[in-house]
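What follows is the content of start.cif, which has mmCIF, C-alpha atoms:
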```
data_run
loop_
_atom_site.label_atom_id
_atom_site.label_comp_id
_atom_site.auth_asym_id
_atom_site.auth_seq_id
_atom_site.Cartn_x
_atom_site.Cartn_y
_atom_site.Cartn_z
CA MET Q 18 69.21 8.81 225.37
CA GLU Q 19 67.87 12.12 224.05
CA LYS Q 20 64.28 12.14 222.85
CA PRO Q 21 64.29 12.48 219.05
CA ASP Q 22 62.48 15.79 218.58
CA LEU Q 23 63.27 19.29 217.40
CA SER Q 24 63.92 20.83 220.82
CA ASN Q 25 66.48 18.18 221.70
CA ALA Q 26 68.02 18.41 218.23
CA TYR Q 27 68.57 22.14 218.82
CA ALA Q 28 70.20 21.41 222.20
CA LEU Q 29 72.85 19.00 220.90
CA ASN Q 30 76.46 19.57 221.85
CA GLY Q 31 79.05 17.89 219.66
CA ALA Q 32 79.32 15.05 217.18
CA GLU Q 33 78.58 12.22 219.60
CA ASP Q 34 75.33 13.87 220.74
CA ILE Q 35 74.32 14.21 217.09
CA ARG Q 36 75.08 10.57 216.32
CA ARG Q 37 73.09 9.35 219.32
CA LEU Q 38 70.00 11.44 218.63
CA TYR Q 39 69.77 10.67 214.92
CA ALA Q 40 70.44 6.97 215.42
CA GLY Q 41 67.14 6.86 217.28
CA TRP Q 42 65.30 9.16 214.87
CA ALA Q 43 66.23 7.78 211.45
CA ASP Q 44 63.33 5.37 211.02
CA SER Q 45 60.62 7.82 212.09
CA TYR Q 46 62.15 11.10 210.88
CA ASP Q 47 60.19 11.45 207.64
CA ALA Q 48 56.78 10.75 209.16
CA ASP Q 49 57.34 12.22 212.63
CA PHE Q 50 59.26 15.37 211.76
CA ALA Q 51 59.15 16.13 208.05
CA GLN Q 52 55.47 15.38 207.50
CA GLY Q 53 54.31 16.36 210.96
CA MET Q 54 56.04 19.75 210.80
CA ASP Q 55 55.28 20.35 207.10
CA TYR Q 56 59.03 20.77 206.61
CA ARG Q 57 59.44 22.96 203.55
CA LEU Q 58 63.09 24.01 203.85
CA PRO Q 59 64.54 21.20 201.66
CA ALA Q 60 62.26 22.24 198.80
CA GLU Q 61 63.21 25.90 199.27
CA VAL Q 62 66.93 25.08 199.08
CA ALA Q 63 66.42 22.86 196.03
CA ALA Q 64 64.52 25.60 194.22
CA ALA Q 65 67.17 28.21 195.07
CA PHE Q 66 69.94 25.94 193.77
CA LEU Q 67 68.21 25.23 190.47
CA ARG Q 68 67.26 28.89 189.93
CA HIS Q 69 70.97 29.74 189.70
CA ALA Q 70 71.70 27.44 186.73
CA PRO Q 71 74.06 25.02 188.47
CA PRO Q 72 77.01 23.81 186.39
CA ALA Q 73 77.05 20.25 185.07
CA GLY Q 74 78.72 17.76 187.37
CA PRO Q 75 78.23 15.97 190.66
CA VAL Q 76 76.48 17.59 193.63
CA LEU Q 77 77.18 17.00 197.33
CA ASP Q 78 74.16 17.00 199.68
CA VAL Q 79 75.63 18.02 203.04
CA GLY Q 80 73.87 16.80 206.17
CA ALA Q 81 71.72 14.78 203.81
CA GLY Q 82 69.76 13.03 206.55
CA THR Q 83 67.07 10.84 205.01
CA GLY Q 84 67.42 12.47 201.60
CA LEU Q 85 64.69 15.12 201.67
CA LEU Q 86 66.69 17.79 199.83
CA THR Q 87 67.72 15.47 197.03
CA GLN Q 88 64.14 14.19 196.78
CA ALA Q 89 63.16 17.82 196.16
CA LEU Q 90 65.94 18.25 193.58
CA ARG Q 91 64.74 15.15 191.72
CA ALA Q 92 61.13 16.33 191.85
CA LEU Q 93 62.23 19.60 190.23
CA GLY Q 94 64.00 17.77 187.41
CA HIS Q 95 67.62 17.56 188.52
CA ALA Q 96 68.91 14.29 187.07
CA GLY Q 97 72.67 14.53 187.64
CA PRO Q 98 74.67 12.53 190.19
CA VAL Q 99 74.29 13.49 193.86
CA ASP Q 100 76.31 12.16 196.79
CA ALA Q 101 75.02 12.19 200.37
CA LEU Q 102 77.23 13.27 203.27
CA ASP Q 103 76.09 12.86 206.85
CA LEU Q 104 77.52 12.24 210.31
CA SER Q 105 74.82 9.66 211.08
CA ALA Q 106 75.23 6.19 209.58
CA GLU Q 107 71.60 5.43 210.42
CA MET Q 108 70.27 8.47 208.55
CA LEU Q 109 72.48 7.63 205.56
CA ALA Q 110 71.18 4.07 205.55
CA ARG Q 111 67.64 5.40 205.48
CA ALA Q 112 68.52 7.76 202.61
CA GLY Q 113 70.10 4.85 200.76
CA THR Q 114 66.78 3.02 200.57
CA LYS Q 115 65.34 5.76 198.35
CA GLY Q 116 67.60 5.25 195.33
CA LEU Q 117 68.53 8.93 195.13
CA TYR Q 118 72.28 8.93 195.52
CA ARG Q 119 75.39 7.88 193.63
CA ASP Q 120 77.29 7.44 196.90
CA LEU Q 121 76.66 7.58 200.65
CA ILE Q 122 79.52 9.17 202.60
CA ALA Q 123 79.81 9.15 206.39
CA GLY Q 124 81.82 12.16 207.50
CA ASP Q 125 82.15 15.23 209.69
CA VAL Q 126 81.69 18.36 207.62
CA THR Q 127 83.86 20.38 210.02
CA LYS Q 128 86.90 18.26 209.10
CA PRO Q 129 88.66 17.56 205.76
CA LEU Q 130 86.27 15.54 203.63
CA PRO Q 131 87.00 12.24 201.89
CA CYS Q 132 85.44 13.49 198.65
CA THR Q 133 86.24 16.29 196.18
CA GLY Q 134 85.44 17.65 192.75
CA TYR Q 135 81.84 18.77 193.22
CA ALA Q 136 80.16 21.20 190.81
CA GLY Q 137 77.46 21.96 193.36
CA ILE Q 138 77.04 21.79 197.14
CA VAL Q 139 73.65 21.98 198.84
CA SER Q 140 72.51 21.74 202.44
CA SER Q 141 69.21 22.01 204.29
CA GLY Q 142 68.90 22.09 208.07
CA THR Q 143 72.57 21.46 208.88
CA PHE Q 144 73.65 24.98 209.81
CA THR Q 145 71.41 25.39 212.83
CA HIS Q 146 71.22 25.29 216.62
CA GLY Q 147 73.36 22.53 218.12
CA HIS Q 148 74.70 21.31 214.79
CA VAL Q 149 77.21 23.03 212.49
CA GLY Q 150 78.62 26.56 212.32
CA PRO Q 151 80.77 28.49 209.82
CA GLU Q 152 83.76 26.25 210.57
CA ALA Q 153 82.42 23.91 207.88
CA PHE Q 154 82.91 26.41 205.06
CA GLY Q 155 86.62 25.63 204.62
CA PRO Q 156 86.17 21.86 204.15
CA LEU Q 157 83.22 22.45 201.83
CA LEU Q 158 85.14 24.86 199.62
CA ASP Q 159 87.99 22.38 199.45
CA ALA Q 160 85.55 19.73 198.21
CA ALA Q 161 84.23 21.99 195.43
CA GLN Q 162 85.46 22.74 191.93
CA PRO Q 163 86.22 26.36 190.97
CA GLY Q 164 82.91 27.94 189.99
CA ALA Q 165 80.87 25.42 191.99
CA LEU Q 166 77.45 26.64 193.04
CA PHE Q 167 76.49 26.53 196.73
CA ALA Q 168 72.97 26.73 198.18
CA LEU Q 169 72.97 26.40 201.97
CA SER Q 170 70.29 27.09 204.57
CA VAL Q 171 71.25 28.79 207.83
CA ASN Q 172 68.77 28.94 210.70
CA GLN Q 173 68.00 32.61 211.35
CA GLY Q 174 68.40 32.03 215.10
CA VAL Q 175 72.14 31.34 214.76
CA TRP Q 176 72.98 33.74 211.93
CA ASP Q 177 74.21 36.52 214.24
CA SER Q 178 75.25 34.48 217.28
CA LEU Q 179 77.60 32.29 215.24
CA ALA Q 180 78.76 35.18 213.00
CA PHE Q 181 77.72 33.63 209.71
CA GLY Q 182 77.64 37.00 207.95
CA PRO Q 183 81.30 37.91 208.60
CA ALA Q 184 82.41 34.32 207.91
CA LEU Q 185 80.73 34.30 204.51
CA ALA Q 186 82.05 37.76 203.63
CA ALA Q 187 85.60 36.50 204.19
CA LEU Q 188 85.29 33.52 201.84
CA PRO Q 189 86.81 33.42 198.32
CA VAL Q 190 83.41 33.39 196.62
CA THR Q 191 81.42 35.39 194.07
CA GLY Q 192 77.75 36.30 193.72
CA LEU Q 193 76.99 35.99 197.43
CA ASP Q 194 73.26 36.36 198.02
CA ARG Q 195 70.73 35.41 200.67
CA ALA Q 196 66.96 35.04 200.92
CA GLU Q 197 64.78 34.56 203.99
CA VAL Q 198 62.22 31.72 203.97
CA ALA Q 199 59.88 29.91 206.34
CA ILE Q 200 61.20 26.56 207.52
CA TYR Q 201 57.78 24.98 208.13
CA GLY Q 202 54.30 25.13 206.67
CA GLN Q 203 50.92 25.55 208.32
CA ARG Q 204 50.71 22.08 209.90
CA ALA Q 205 53.65 22.89 212.17
CA ALA Q 206 51.52 25.11 214.41
CA ARG Q 207 49.58 22.06 215.59
CA LYS Q 208 52.58 19.83 216.22
CA ASP Q 209 55.13 22.27 217.67
CA PRO Q 210 53.85 25.84 218.07
CA GLY Q 211 57.10 26.91 219.71
CA HIS Q 212 59.04 26.37 216.48
CA ALA Q 213 56.33 26.75 213.84
CA ALA Q 214 57.36 30.30 212.93
CA ASP Q 215 61.10 29.58 212.66
CA ARG Q 216 62.86 31.13 209.67
CA ALA Q 217 66.03 30.40 207.72
CA LEU Q 218 68.31 32.24 205.33
CA ILE Q 219 69.22 30.47 202.10
CA VAL Q 220 72.71 31.56 201.08
CA THR Q 221 73.85 31.12 197.47
CA PHE Q 222 77.29 31.77 196.02
CA ARG Q 223 79.97 30.36 193.72
CA LYS Q 224 83.49 29.31 194.62
CA ALA Q 225 85.91 31.80 193.09
#
```
Full structure transcribed into structure tokens:
Amino acid sequence: MEKPDLSNAYALNGAEDIRRLYAGWADSYDADFAQGMDYRLPAEVAAAFLRHAPPAGPVLDVGAGTGLLTQALRALGHAGPVDALDLSAEMLARAGTKGLYRDLIAGDVTKPLPCTGYAGIVSSGTFTHGHVGPEAFGPLLDAAQPGALFALSVNQGVWDSLAFGPALAALPVTGLDRAEVAIYGQRAARKDPGHAADRALIVTFRKA
């Protein structure tokens, strides 16, 4: 079984690889990865989402993992209903212990989703090496209401190689914007110097 760490997470190839790795990482993810790497991306995505005055209504947290992005949303004052979507049942179970979500949904974001009607869609750390590419945009738009606000992080290392720019430009969306942020804080240099300087682009837009 793959060792649950960032390098092996970036090397995943397909849904079954993802399920196997995160099944073994769920219980230690917050302490081992999020705290150890000073993982700041969920807070950056949450802040970007709330800066754009999201419409009232339910929010879908895509690739929710253990709930770090919705924890950040709650800390910033977002009180509306949020559902968690993740491929890993073990990560969802861990998120469910935190009392953050209205519903926990196991699903593959690259396929039609079993949930619709969202006023907002957020994601942190899902569009990255070895995980999900632009093929998820269609199912996510289908799950959103007209005018829904999106705030999604995309690892800078896959932005060009997976053609995120052209894929986003072709979507039926308005107000497309992006901002570059650091994924990790200062503690990351001690734990994993090879990834400590990694960057992401936070993409915001509304469904037309």
> For Q:Tyr135, which residue out of Q:Ala106, Q:Ala153, Q:Ala160, Q:Ala196 is the nearest one, using all atoms listed in the file?
Replying inline: Q:Ala160
> How far is it from atom CA of Q:Phe181 to atom CA of Q:Leu218, in Å with one decimal?
Replying inline: 10.5 Å
>> Under the rule that only C-alpha atoms are counted, which of Q:Ala136, Q:Leu121, Q:Leu102, Q:Leu86 is the nearest residue to Q:Ala70?
In response: Q:Ala136
> Between Q:Thr143, Q:Thr83, Q:Gln203, Q:Thr133, which one has atoms that come closest to Q:Gly116, using all atoms listed in the file?
Replying inline: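 Result for the nearest residue to Q:Gly116: Q:Thr83.
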Neighbouring residues of Q:Glu61 were defined as those with any atom within 9 Å, considering all atoms listed in the file; residues of the same chain fewer than 2 positions away were excluded. Please report them as a short mmCIF file (atom, residue, chain, number, x, y, z; two decimals) with C-alpha atoms, keeping the file's coordinate frame.
```cif
data_model
loop_
_atom_site.label_atom_id
_atom_site.label_comp_id
_atom_site.auth_asym_id
_atom_site.auth_seq_id
_atom_site.Cartn_x
_atom_site.Cartn_y
_atom_site.Cartn_z
CA ARG Q 57 59.44 22.96 203.55
CA LEU Q 58 63.09 24.01 203.85
CA PRO Q 59 64.54 21.20 201.66
CA ALA Q 63 66.42 22.86 196.03
CA ALA Q 64 64.52 25.60 194.22
CA ALA Q 65 67.17 28.21 195.07
CA PHE Q 66 69.94 25.94 193.77
CA LEU Q 86 66.69 17.79 199.83
CA ALA Q 89 63.16 17.82 196.16
CA SER Q 141 69.21 22.01 204.29
CA SER Q 170 70.29 27.09 204.57
CA VAL Q 198 62.22 31.72 203.97
CA ALA Q 199 59.88 29.91 206.34
CA ILE Q 200 61.20 26.56 207.52
CA ILE Q 219 69.22 30.47 202.10
#
```
> Do you have the atom CA of Q:Val220-atom CA of Q:Gly74 distance handy?
Replying inline: 20.4 Å
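Atom CA of Q:Ala184 sits 22.8 Å away from atom CA of Q:Val76.
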>> Ranking Q:Phe222, Q:Gly94, Q:Ala60, Q:Leu158 by minimum distance to Q:Asp194 and counting all atoms listed in the file, which one comes first?
In response: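 Comparing Q:Phe222, Q:Gly94, Q:Ala60, Q:Leu158 against Q:Asp194, the winner is Q:Phe222.
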>> Taking all atoms listed in the file into account, name the residue in Q:Leu90, Q:Lys115, Q:Val126, Q:Leu157 that is nearest to Q:Asp103.
In response: Q:Val126
>> For the PyMOL selection byres ((chain Q and resi 174) around 8), applied here, can you spell out every residue it catches as a list in words?
In response: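 Applying the expression gives Thr145, His146, Asn172, Gln173, Val175, Trp176, Asp177, Ser178, Arg216 and Ala217 of chain Q.
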>> Measuring between all atoms listed in the file, which one of Q:Val79, Q:Met54, Q:Met108, Q:Leu179 shows the shortest distance to Q:Gly137?
In response: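 Selected residue with least distance to Q:Gly137: Q:Val79.
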>> For the PyMOL selection byres ((chain Q and resi 119) around 6), applied here, can you spell out every residue it catches as a ChimeraX atom specification?
In response: /Q:98-100,118,120
Okay, now the selection with C-alpha atoms, as an mmCIF file, keeping the file's coordinate frame?
```cif
data_model
loop_
_atom_site.group_PDB
_atom_site.id
_atom_site.type_symbol
_atom_site.label_atom_id
_atom_site.label_comp_id
_atom_site.auth_asym_id
_atom_site.auth_seq_id
_atom_site.Cartn_x
_atom_site.Cartn_y
_atom_site.Cartn_z
ATOM 1 C CA PRO Q 98 74.670 12.530 190.190
ATOM 2 C CA VAL Q 99 74.290 13.490 193.860
ATOM 3 C CA ASP Q 100 76.310 12.160 196.790
ATOM 4 C CA TYR Q 118 72.280 8.930 195.520
ATOM 5 C CA ASP Q 120 77.290 7.440 196.900
#
```
> What lies within 10 Å of Q:Gly53 using all atoms listed in the file, ignoring chain neighbours under 5 positions off, as a PyMOL selection string?
Replying inline: chain Q and resi 46-48+201-202+204-209
Export of prior selection with C-alpha atoms as a PDB file, in the frame of the given file:
```pdb
ATOM      1  CA  TYR Q  46      62.150  11.100 210.880  1.00  0.00           C
ATOM      2  CA  ASP Q  47      60.190  11.450 207.640  1.00  0.00           C
ATOM      3  CA  ALA Q  48      56.780  10.750 209.160  1.00  0.00           C
ATOM      4  CA  TYR Q 201      57.780  24.980 208.130  1.00  0.00           C
ATOM      5  CA  GLY Q 202      54.300  25.130 206.670  1.00  0.00           C
ATOM      6  CA  ARG Q 204      50.710  22.080 209.900  1.00  0.00           C
ATOM      7  CA  ALA Q 205      53.650  22.890 212.170  1.00  0.00           C
ATOM      8  CA  ALA Q 206      51.520  25.110 214.410  1.00  0.00           C
ATOM      9  CA  ARG Q 207      49.580  22.060 215.590  1.00  0.00           C
ATOM     10  CA  LYS Q 208      52.580  19.830 216.220  1.00  0.00           C
ATOM     11  CA  ASP Q 209      55.130  22.270 217.670  1.00  0.00           C
TER      12      ASP Q 209
END
```
Using the partial input, fill out stretch 99-112 of chain Q with N, CA and C atoms; write the result as an mmCIF file, in the coordinates of the input.
```
data_model
loop_
_atom_site.group_PDB
_atom_site.id
_atom_site.type_symbol
_atom_site.label_atom_id
_atom_site.label_comp_id
_atom_site.auth_asym_id
_atom_site.auth_seq_id
_atom_site.Cartn_x
_atom_site.Cartn_y
_atom_site.Cartn_z
ATOM 1 N N VAL Q 99 74.244 12.826 192.546
ATOM 2 C CA VAL Q 99 74.290 13.490 193.860
ATOM 3 C C VAL Q 99 74.847 12.492 194.864
ATOM 4 N N ASP Q 100 75.798 12.949 195.675
ATOM 5 C CA ASP Q 100 76.310 12.160 196.790
ATOM 6 C C ASP Q 100 75.753 12.695 198.093
ATOM 7 N N ALA Q 101 75.533 11.805 199.046
ATOM 8 C CA ALA Q 101 75.020 12.190 200.370
ATOM 9 C C ALA Q 101 76.158 12.158 201.377
ATOM 10 N N LEU Q 102 76.276 13.206 202.168
ATOM 11 C CA LEU Q 102 77.230 13.270 203.270
ATOM 12 C C LEU Q 102 76.486 13.504 204.566
ATOM 13 N N ASP Q 103 76.737 12.672 205.556
ATOM 14 C CA ASP Q 103 76.090 12.860 206.850
ATOM 15 C C ASP Q 103 76.944 12.241 207.944
ATOM 16 N N LEU Q 104 76.814 12.786 209.155
ATOM 17 C CA LEU Q 104 77.520 12.240 210.310
ATOM 18 C C LEU Q 104 76.880 10.951 210.807
ATOM 19 N N SER Q 105 75.588 10.788 210.551
ATOM 20 C CA SER Q 105 74.820 9.660 211.080
ATOM 21 C C SER Q 105 74.738 8.517 210.083
ATOM 22 N N ALA Q 106 75.309 7.375 210.445
ATOM 23 C CA ALA Q 106 75.230 6.190 209.580
ATOM 24 C C ALA Q 106 73.795 5.728 209.422
ATOM 25 N N GLU Q 107 72.992 5.883 210.472
ATOM 26 C CA GLU Q 107 71.600 5.430 210.420
ATOM 27 C C GLU Q 107 70.766 6.288 209.469
ATOM 28 N N MET Q 108 70.989 7.597 209.484
ATOM 29 C CA MET Q 108 70.270 8.470 208.550
ATOM 30 C C MET Q 108 70.706 8.191 207.115
ATOM 31 N N LEU Q 109 72.000 7.968 206.901
ATOM 32 C CA LEU Q 109 72.480 7.630 205.560
ATOM 33 C C LEU Q 109 71.869 6.332 205.063
ATOM 34 N N ALA Q 110 71.771 5.348 205.951
ATOM 35 C CA ALA Q 110 71.180 4.070 205.550
ATOM 36 C C ALA Q 110 69.735 4.269 205.117
ATOM 37 N N ARG Q 111 69.024 5.109 205.845
ATOM 38 C CA ARG Q 111 67.640 5.400 205.480
ATOM 39 C C ARG Q 111 67.577 6.105 204.115
ATOM 40 N N ALA Q 112 68.471 7.076 203.903
ATOM 41 C CA ALA Q 112 68.520 7.760 202.610
ATOM 42 C C ALA Q 112 68.838 6.783 201.487
#
```
